[in-house]
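Notes follow once the structure below has been shown.
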Amino acid sequence: MLQNANDLAVEENASGWIFDEAVRTLRRTYGATLDTLRIERLVVGIFVTAVKLSNGCGGVAYTPPELIERAGRRVLHDYATSIRGMTAAAVAQGGDIGPFSPVIRLATLNALSVPILDALSRGLPSNDAVVYRPLVEGRRVCMVGAMIPLIDRLFEMAPSEVLVADKKYETLAEVKMATIVPLDRLAETLASCDTAILTGATIPNGSITGLLDMMSPRTAAVVTGPTGGFVPDPLFGRGVALIGTTIVTDADRTVDILSEGGGMYHLFDGCLRKISLPNTARLRELGLQPATI
């Protein structure tokens with residue numbers, strides 16, 4: 001848990017409950033088949049980590065810069081673990097497979113979740129204007145992790161106010177219209193907002209647990225971004241009302257792009273498909289109508 005809203009650094013164990021619950025859900029779904037899948041390709045990119053499994057499914061996850069900084073110190077001294085060929089179950093279950101193990105684990109969970117998310121999202125709307133409007137219109141919205149394209153779309157849905165917090169000053173410089181929230185006021189802001197939108201990057205950097213704890217019981221929590229592309233059970237269990245994420249549709253091309261220094265934005269051109277997963281029970285508890293086409 002965050003002791004202070006300024007403390008948004010990588011904490012490898014802070015998101016462990018999410019990983020562990022996701023593994024249990026995947027184990028129940030796959031059964032013995034889970035132990036037959038292996039890591040076929042892996043790239044730890046500058047911005048994004050990706051894996052391709054032996055069944056052709058792929059998963060991506062944001063590579064936090066803090067993790068890269070910490071990993072740099074270990075790379076000089078640690079023996080390089082050969083991850084390609086390992087079972088996906090072994091990677092997903094955790095353990096130290098090198099300095100990038102948390103983000104590799106998350107990308108693997110996302111790859112394993114592809115068939116499940118594909119089934120869950122079938123027939124559901126994915127258009128931002130449709131999905132987000134019930135959670136935005138006339139409401140005070142706080143975003144943690146400035147997602148510039150989404151901020152622009154939020155203002156088209158007539159919120160009463162949009163507040164944005166991010167520790168990267170260069171990203172905040174691109175924010176228009178929204179109110180910038182200093183990190184030392186983030187806790188009180190989250191406690192008073194109607195809707196809180198967290199980037200999926202809060203999962204690998206370990207801050208998501210503390211951020212959820214800061215919210216009011218009446219806050220509609222949203223987790224969005226490709227990094228959150230695993231089975232929704234762990235986040236739904238913590239009261240998250242909506243998950244907006246993606247499914248990797250071309251695992252080989254994804255790995256190729258990232259191996260050449262590409263980032264998440266490059267993947268949206270033919271490698272990712274956007275999906276939205278509503279927690280219907282939570283939305284109704286908040287008096288919000290789930291989006292429909």
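How things are named: the first chain in the structure tokens is A, the next is B, and so on; residues count from 1 in each chain; ligands count from 1 in the order shown.
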
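Using only C-alpha atoms, the protein and nucleic acid residues lying no more than 6 Å from segment 80-87 of chain A, apart from those fewer than 3 places from it along its own chain, are A:Leu37, A:Arg38, A:Ile39, A:Glu40, A:Ala90.
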
Go ahead and write the selection's residues with all heavy atoms as a PDB file, in the first residue's frame.
```
ATOM      1  N   LEU A  37       1.491 -25.158 -22.316  1.00  0.00           N
ATOM      2  CA  LEU A  37       1.836 -23.948 -23.070  1.00  0.00           C
ATOM      3  C   LEU A  37       3.206 -23.434 -22.667  1.00  0.00           C
ATOM      4  O   LEU A  37       3.553 -23.420 -21.483  1.00  0.00           O
ATOM      5  CB  LEU A  37       0.775 -22.866 -22.838  1.00  0.00           C
ATOM      6  CG  LEU A  37      -0.651 -23.239 -23.249  1.00  0.00           C
ATOM      7  CD1 LEU A  37      -1.619 -22.134 -22.867  1.00  0.00           C
ATOM      8  CD2 LEU A  37      -0.721 -23.526 -24.748  1.00  0.00           C
ATOM      9  N   ARG A  38       3.962 -22.962 -23.645  1.00  0.00           N
ATOM     10  CA  ARG A  38       5.323 -22.495 -23.386  1.00  0.00           C
ATOM     11  C   ARG A  38       5.550 -21.098 -23.955  1.00  0.00           C
ATOM     12  O   ARG A  38       4.817 -20.632 -24.822  1.00  0.00           O
ATOM     13  CB  ARG A  38       6.354 -23.480 -23.976  1.00  0.00           C
ATOM     14  CG  ARG A  38       6.287 -24.847 -23.317  1.00  0.00           C
ATOM     15  CD  ARG A  38       7.394 -25.784 -23.743  1.00  0.00           C
ATOM     16  NE  ARG A  38       7.322 -27.027 -22.987  1.00  0.00           N
ATOM     17  CZ  ARG A  38       7.864 -27.203 -21.790  1.00  0.00           C
ATOM     18  NH1 ARG A  38       8.552 -26.215 -21.231  1.00  0.00           N
ATOM     19  NH2 ARG A  38       7.729 -28.358 -21.163  1.00  0.00           N
ATOM     20  N   ILE A  39       6.604 -20.459 -23.450  1.00  0.00           N
ATOM     21  CA  ILE A  39       7.017 -19.153 -23.976  1.00  0.00           C
ATOM     22  C   ILE A  39       7.786 -19.392 -25.267  1.00  0.00           C
ATOM     23  O   ILE A  39       8.857 -20.005 -25.261  1.00  0.00           O
ATOM     24  CB  ILE A  39       7.912 -18.399 -22.971  1.00  0.00           C
ATOM     25  CG1 ILE A  39       7.231 -18.270 -21.606  1.00  0.00           C
ATOM     26  CG2 ILE A  39       8.285 -17.027 -23.545  1.00  0.00           C
ATOM     27  CD1 ILE A  39       5.991 -17.426 -21.584  1.00  0.00           C
ATOM     28  N   GLU A  40       7.242 -18.930 -26.382  1.00  0.00           N
ATOM     29  CA  GLU A  40       7.884 -19.139 -27.681  1.00  0.00           C
ATOM     30  C   GLU A  40       8.766 -17.957 -28.066  1.00  0.00           C
ATOM     31  O   GLU A  40       9.843 -18.128 -28.631  1.00  0.00           O
ATOM     32  CB  GLU A  40       6.809 -19.366 -28.748  1.00  0.00           C
ATOM     33  CG  GLU A  40       7.355 -19.734 -30.110  1.00  0.00           C
ATOM     34  CD  GLU A  40       6.250 -20.083 -31.084  1.00  0.00           C
ATOM     35  OE1 GLU A  40       5.610 -21.135 -30.881  1.00  0.00           O
ATOM     36  OE2 GLU A  40       6.016 -19.305 -32.037  1.00  0.00           O
ATOM     37  N   ALA A  90       4.754 -21.693 -15.300  1.00  0.00           N
ATOM     38  CA  ALA A  90       5.867 -21.408 -14.398  1.00  0.00           C
ATOM     39  C   ALA A  90       6.155 -19.916 -14.337  1.00  0.00           C
ATOM     40  O   ALA A  90       6.423 -19.361 -13.261  1.00  0.00           O
ATOM     41  CB  ALA A  90       7.107 -22.172 -14.842  1.00  0.00           C
TER      42      ALA A  90
END
```

For the interface of segment 12-110 of chain A with segment 241-262 of chain A (cut-off 6 Å, counting only C-alpha atoms), please tabulate each contacting residue of segment 12-110 of chain A alongside its nearest pair of atoms and their separation in Å to one decimal, rows sorted by chain and increasing number, as JSON lines.
```
{"residue": "A:Gly45", "atom": "CA", "partner": "A:Leu258", "partner_atom": "CA", "distance": 5.5}
{"residue": "A:Lys52", "atom": "CA", "partner": "A:Ala251", "partner_atom": "CA", "distance": 5.7}
{"residue": "A:Gly58", "atom": "CA", "partner": "A:Ala251", "partner_atom": "CA", "distance": 4.7}
```

Exercise. Which is closer to Tyr30 of chain A than all the others in A:Val103, A:Leu172, A:Ala88, A:Ala61, using only C-alpha atoms?
Worked result: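 The answer is A:Ala88, which sits nearest to Tyr30 of chain A.
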
For this session: Go through segment 104-148 of chain A and collect every residue that DSSP, computed from the backbone, puts in helix (DSSP H, G or I); the answer should be as an MDAnalysis selection string.
Result: chainID A and resid 104:121 128:136 148

Could you please take those selected residues and save N, CA, C and O atoms as a JSON list (two decimals), in the first residue's frame?
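Result went into again.json, see below:
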```
[["chain", "number", "residue", "atom", "x", "y", "z"],
["A", 104, "ILE", "N", 7.46, -9.40, -17.15],
["A", 104, "ILE", "CA", 7.35, -10.60, -17.98],
["A", 104, "ILE", "C", 6.20, -11.47, -17.49],
["A", 104, "ILE", "O", 5.43, -12.03, -18.28],
["A", 105, "ARG", "N", 6.07, -11.56, -16.18],
["A", 105, "ARG", "CA", 4.95, -12.32, -15.60],
["A", 105, "ARG", "C", 3.61, -11.72, -16.04],
["A", 105, "ARG", "O", 2.70, -12.45, -16.43],
["A", 106, "LEU", "N", 3.51, -10.41, -16.00],
["A", 106, "LEU", "CA", 2.26, -9.75, -16.36],
["A", 106, "LEU", "C", 1.94, -9.94, -17.84],
["A", 106, "LEU", "O", 0.79, -10.22, -18.22],
["A", 107, "ALA", "N", 2.94, -9.79, -18.70],
["A", 107, "ALA", "CA", 2.72, -10.00, -20.14],
["A", 107, "ALA", "C", 2.28, -11.44, -20.42],
["A", 107, "ALA", "O", 1.43, -11.68, -21.30],
["A", 108, "THR", "N", 2.82, -12.39, -19.66],
["A", 108, "THR", "CA", 2.44, -13.79, -19.82],
["A", 108, "THR", "C", 0.99, -14.01, -19.38],
["A", 108, "THR", "O", 0.22, -14.72, -20.05],
["A", 109, "LEU", "N", 0.60, -13.41, -18.26],
["A", 109, "LEU", "CA", -0.79, -13.50, -17.81],
["A", 109, "LEU", "C", -1.74, -12.92, -18.87],
["A", 109, "LEU", "O", -2.81, -13.47, -19.13],
["A", 110, "ASN", "N", -1.33, -11.82, -19.49],
["A", 110, "ASN", "CA", -2.15, -11.20, -20.53],
["A", 110, "ASN", "C", -2.28, -12.12, -21.75],
["A", 110, "ASN", "O", -3.36, -12.22, -22.35],
["A", 111, "ALA", "N", -1.19, -12.79, -22.11],
["A", 111, "ALA", "CA", -1.24, -13.71, -23.25],
["A", 111, "ALA", "C", -2.15, -14.90, -22.94],
["A", 111, "ALA", "O", -2.96, -15.33, -23.78],
["A", 112, "LEU", "N", -2.05, -15.43, -21.74],
["A", 112, "LEU", "CA", -2.90, -16.56, -21.34],
["A", 112, "LEU", "C", -4.37, -16.17, -21.29],
["A", 112, "LEU", "O", -5.26, -17.02, -21.46],
["A", 113, "SER", "N", -4.65, -14.90, -21.06],
["A", 113, "SER", "CA", -6.03, -14.44, -20.91],
["A", 113, "SER", "C", -6.73, -14.17, -22.23],
["A", 113, "SER", "O", -7.95, -13.95, -22.24],
["A", 114, "VAL", "N", -6.01, -14.17, -23.34],
["A", 114, "VAL", "CA", -6.59, -13.79, -24.63],
["A", 114, "VAL", "C", -7.87, -14.56, -24.98],
["A", 114, "VAL", "O", -8.91, -13.94, -25.30],
["A", 115, "PRO", "N", -7.88, -15.90, -24.93],
["A", 115, "PRO", "CA", -9.13, -16.60, -25.29],
["A", 115, "PRO", "C", -10.30, -16.26, -24.38],
["A", 115, "PRO", "O", -11.45, -16.18, -24.83],
["A", 116, "ILE", "N", -10.00, -16.02, -23.09],
["A", 116, "ILE", "CA", -11.06, -15.70, -22.13],
["A", 116, "ILE", "C", -11.61, -14.31, -22.40],
["A", 116, "ILE", "O", -12.83, -14.10, -22.42],
["A", 117, "LEU", "N", -10.72, -13.33, -22.61],
["A", 117, "LEU", "CA", -11.17, -11.96, -22.87],
["A", 117, "LEU", "C", -11.93, -11.88, -24.20],
["A", 117, "LEU", "O", -12.88, -11.11, -24.31],
["A", 118, "ASP", "N", -11.49, -12.65, -25.17],
["A", 118, "ASP", "CA", -12.18, -12.65, -26.46],
["A", 118, "ASP", "C", -13.63, -13.11, -26.28],
["A", 118, "ASP", "O", -14.56, -12.51, -26.84],
["A", 119, "ALA", "N", -13.83, -14.14, -25.47],
["A", 119, "ALA", "CA", -15.19, -14.63, -25.23],
["A", 119, "ALA", "C", -16.00, -13.65, -24.40],
["A", 119, "ALA", "O", -17.18, -13.39, -24.69],
["A", 120, "LEU", "N", -15.40, -13.07, -23.36],
["A", 120, "LEU", "CA", -16.11, -12.15, -22.48],
["A", 120, "LEU", "C", -16.53, -10.87, -23.19],
["A", 120, "LEU", "O", -17.57, -10.28, -22.86],
["A", 121, "SER", "N", -15.73, -10.42, -24.14],
["A", 121, "SER", "CA", -15.98, -9.13, -24.79],
["A", 121, "SER", "C", -16.89, -9.23, -26.00],
["A", 121, "SER", "O", -17.30, -8.21, -26.56],
["A", 128, "ASP", "N", -15.13, 4.31, -27.09],
["A", 128, "ASP", "CA", -14.94, 5.08, -25.86],
["A", 128, "ASP", "C", -16.15, 5.94, -25.52],
["A", 128, "ASP", "O", -16.55, 6.05, -24.36],
["A", 129, "ALA", "N", -16.73, 6.57, -26.54],
["A", 129, "ALA", "CA", -17.86, 7.48, -26.30],
["A", 129, "ALA", "C", -19.05, 6.73, -25.70],
["A", 129, "ALA", "O", -19.78, 7.27, -24.86],
["A", 130, "VAL", "N", -19.22, 5.49, -26.11],
["A", 130, "VAL", "CA", -20.33, 4.68, -25.59],
["A", 130, "VAL", "C", -20.00, 4.14, -24.21],
["A", 130, "VAL", "O", -20.81, 4.20, -23.28],
["A", 131, "VAL", "N", -18.79, 3.61, -24.06],
["A", 131, "VAL", "CA", -18.40, 2.91, -22.83],
["A", 131, "VAL", "C", -18.23, 3.86, -21.65],
["A", 131, "VAL", "O", -18.69, 3.59, -20.53],
["A", 132, "TYR", "N", -17.58, 5.00, -21.89],
["A", 132, "TYR", "CA", -17.21, 5.88, -20.78],
["A", 132, "TYR", "C", -18.27, 6.90, -20.40],
["A", 132, "TYR", "O", -18.27, 7.41, -19.28],
["A", 133, "ARG", "N", -19.18, 7.22, -21.31],
["A", 133, "ARG", "CA", -20.12, 8.31, -21.04],
["A", 133, "ARG", "C", -20.89, 8.15, -19.72],
["A", 133, "ARG", "O", -21.00, 9.11, -18.96],
["A", 134, "PRO", "N", -21.42, 6.96, -19.40],
["A", 134, "PRO", "CA", -22.15, 6.85, -18.13],
["A", 134, "PRO", "C", -21.29, 7.14, -16.90],
["A", 134, "PRO", "O", -21.81, 7.52, -15.85],
["A", 135, "LEU", "N", -19.96, 6.98, -17.04],
["A", 135, "LEU", "CA", -19.06, 7.20, -15.91],
["A", 135, "LEU", "C", -18.43, 8.60, -15.93],
["A", 135, "LEU", "O", -17.70, 8.95, -15.00],
["A", 136, "VAL", "N", -18.73, 9.37, -16.98],
["A", 136, "VAL", "CA", -18.07, 10.67, -17.15],
["A", 136, "VAL", "C", -19.05, 11.84, -17.15],
["A", 136, "VAL", "O", -18.80, 12.88, -16.52],
["A", 148, "ILE", "N", -3.19, 11.12, -22.85],
["A", 148, "ILE", "CA", -3.58, 12.33, -23.57],
["A", 148, "ILE", "C", -4.76, 12.10, -24.53],
["A", 148, "ILE", "O", -5.74, 12.87, -24.51]]
```

Exercise. What is the distance between atom CA of Ala173 of chain A and atom CA of Ser216 of chain A, in Å to one decimal?
Worked result: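 Atom CA of Ser216 of chain A lies 28.6 Å from atom CA of Ala173 of chain A.
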
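If you measure from each of A:Cys193, A:Val44, A:Ala178, A:Ala50 to Pro99 of chain A using only C-alpha atoms, the closest one turns out to be A:Val44.
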